[in-house]
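Written below as structure tokens is the structure these notes are about.
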Amino acid sequence: MKTVLEFKARKGQGRISMSTAYTAWEARFLAASPVDCVLVGDSVATVIDGDATTFAATPEIMARHTAAVARGLAGTKFIIADFPFLAARKGIVPAVECAVLLMRAGAHAVKIEGIDGHADVVSHLVESGVPVIVHLGLTPQSVNGLGGYKVQAKTEAAAEALITQARAAEAAGACGVVLECVPSEVAQIITVALAIPVIGIGAGPHTDGQVLVFHDLLGLNPGFSPRFVRAFADAGGAVGNGLNAYAAAVADGSFPSAKESY
């Protein structure tokens, strides 16, 4: 999958797999994999830099990581880049400037958290030729307003509000929706209701696709195990074993060997 047209055409035609990437190193692994598309997430602030929230990501930081991922993917995957904290809330001109940075860096689409209050920004970007995916449900950039990282749309009223937001995102021209941490029944209703792909994370099995953080799905984030994450490999264990073996080989003098010396 390399274009937004291919992304949209997958609606109802086979589930979409999406992984995050933040560096060219990760991107090279993804380029050689069957994973469909790649999200350069503002989660770089938490996963890579160790911040408590995603707030530290800026348009310039996101552009730098997007460029690195684009180099690593070398044209093999559809790339979505996150609009960082409040970048869509400053008005149309600043949003366009953010989109310019991300698209010039190699993104094929951008992801914006929420729709209420900035549907005009989404529409303007789409009309300007920038594909937009809207992130709904648990939106990490609004964690303070949400009172923490909690499952959303648990009541009937909240579920109806989320469905309304999803329809508004589609009406604004979004090419897809990401639903995070919502009941699977609500995610299923939204997936059926929309003509655009719905990608879930902690939203159950009925969406058009799934997204997970690269480090989480490979077991590279020890101690982080929310309900919606499955580790498909124990890469963290392999890293630990490798470091132990390296330290032991240095200590006992077996590394470097004659073959590893000039």
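Labels for the structure tokens follow display order: chains A, B, ..., residues from 1 in each chain, ligands from 1.
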Got a sec: who's within 10 Å of Arg10 in chain A, counting only C-alpha atoms, leaving out chain neighbours fewer than 2 positions off, as a PyMOL selection string?
chain A and resi 1+5-8+12-16+196-197+208-209
If you run DSSP on the backbone, which residues of range 160-262 of chain A are strand (DSSP E or B), as number ranges by chain?
A: 176-180, 198-201, 209-212
Considering only C-alpha atoms, tabulate each residue of range 86-143 of chain A that lies at most 6 Å from range 56-73 of chain A along with its nearest interatomic pair and the corresponding distance in Å to one decimal; arrange the rows by chain and ascending residue number and present them as a Markdown table.
| residue | atom | partner | partner_atom | distance |
| --- | --- | --- | --- | --- |
| A:Cys98 | CA | A:Pro59 | CA | 5.8 |
| A:Leu101 | CA | A:Ala63 | CA | 5.8 |
| A:Leu102 | CA | A:Ala63 | CA | 4.9 |
| A:Ala105 | CA | A:Ala67 | CA | 4.6 |
| A:Gly106 | CA | A:Ala70 | CA | 5.5 |
Which one of A:Leu243, A:Leu217, A:Ala52, A:Leu30 sits closest to Tyr149 in chain A if you count only C-alpha atoms?
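Under the stated criterion, the closest residue is A:Ala52.
The residue that comes closest to Val121 in chain A, out of A:Gly242, A:Phe29, A:Val96, A:Phe55 and on the basis of only C-alpha atoms, is A:Val96.
Minimum atom-to-atom distance to Ser17 in chain A, evaluated using only C-alpha atoms, belongs to A:Val211 out of A:Ala193, A:Ala109, A:Val186, A:Val211.
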Give me, as a list in words, all polymer residues having an atom no more than 10 Å from Ile189 in chain A, counting only C-alpha atoms and skipping those fewer than 3 positions away in the same chain.
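The residues satisfying every condition are Ala159, Ile163, Ser184, Glu185, Val186, Val192, Ala193, Leu194, His206 and Thr207 of chain A.
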Would you mind reading off the distance between CA of Ala99 in chain A and CA of Lys150 in chain A, one decimal, in Å?
29.1 Å
From the options A:Val130, A:Ala248, A:Ala21, A:Val229, which residue's atoms come nearest to Val100 in chain A, counting only C-alpha atoms?
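Comparing A:Val130, A:Ala248, A:Ala21, A:Val229 against Val100 in chain A, the winner is A:Val130.
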Gly236 in chain A: which residues within 9 Å, counting only C-alpha atoms, same-chain residues fewer than 3 positions away excluded, as a VMD selection string?
chain A and resid 215 218 to 222 233 239 to 241
Any idea what the distance is between CA of Ala172 in chain A and CA of Gln141 in chain A?
20.7 Å
Neighbours of Val134 in chain A within 6 Å (only C-alpha atoms; same-chain residues fewer than 4 positions away dropped), as a VMD selection string?
chain A and resid 111 to 113 177
Writing out the chosen residues with C-alpha atoms as a PDB file, in the first residue's frame:
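This went into part01.pdb:
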ATOM      1  CA  LYS A 111      -3.439  12.423  11.404  1.00  0.00           C
ATOM      2  CA  ILE A 112      -5.264  14.993  13.525  1.00  0.00           C
ATOM      3  CA  GLU A 113      -6.737  14.316  16.954  1.00  0.00           C
ATOM      4  CA  VAL A 177     -10.583   7.406  11.254  1.00  0.00           C
TER       5      VAL A 177
END
Determine, counting only C-alpha atoms, which protein, DNA and RNA residues have an atom within 10 Å of an atom of Pro140 in chain A; residues of the same chain fewer than 5 positions away are not included. Present the result as a ChimeraX atom specification.
/A:42-43,53-55,85,113,135,145-146,148-150,180
Quick check, in Å to one decimal: how far apart do CA of Ala27 in chain A and CA of Glu97 in chain A lie?
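Answer for the CA of Ala27 in chain A to CA of Glu97 in chain A separation: 25.3 Å.
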Quick one: which range 118-209 of chain A residues come within 9 Å of range 86-94 of chain A, and what is the nearest atom pair for each with the distance in Å to one decimal, counting only C-alpha atoms, rows ordered by chain and ascending number, as JSON lines?
{"residue": "A:His118", "atom": "CA", "partner": "A:Arg89", "partner_atom": "CA", "distance": 6.5}
{"residue": "A:Asp120", "atom": "CA", "partner": "A:Ile92", "partner_atom": "CA", "distance": 7.8}
{"residue": "A:Val121", "atom": "CA", "partner": "A:Ile92", "partner_atom": "CA", "distance": 5.4}
{"residue": "A:Val122", "atom": "CA", "partner": "A:Ala88", "partner_atom": "CA", "distance": 8.3}
{"residue": "A:His124", "atom": "CA", "partner": "A:Ile92", "partner_atom": "CA", "distance": 7.3}
{"residue": "A:Leu125", "atom": "CA", "partner": "A:Ile92", "partner_atom": "CA", "distance": 8.3}
{"residue": "A:Gln141", "atom": "CA", "partner": "A:Leu86", "partner_atom": "CA", "distance": 7.9}
Excluding Gly202 in chain A and residues on its chain fewer than 4 positions from it, collect all residues at most 8 Å away from it, counting only C-alpha atoms, and give them as a compact mmCIF listing (two decimals) with C-alpha atoms, in the first residue's frame.
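Okay, this is what ended up in result04.txt:
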# COMPACT_ATOMS: atom_id res chain seq x y z
CA LEU A 179 -10.54 4.85 17.10
CA GLU A 180 -8.61 4.40 20.34
CA CYS A 181 -9.82 2.70 23.52
CA VAL A 182 -13.54 2.46 22.89
CA ARG A 227 -5.09 -4.80 27.60
CA PHE A 228 -5.10 -3.96 23.89
CA VAL A 229 -1.41 -4.75 23.29
Residues flagged alpha helix (DSSP H) by DSSP in range 23-241 of chain A, as a ChimeraX atom specification:
/A:24-31,44-47,59-73,92-105,119-127,143-146,156-171,184-193,214-217,235-241
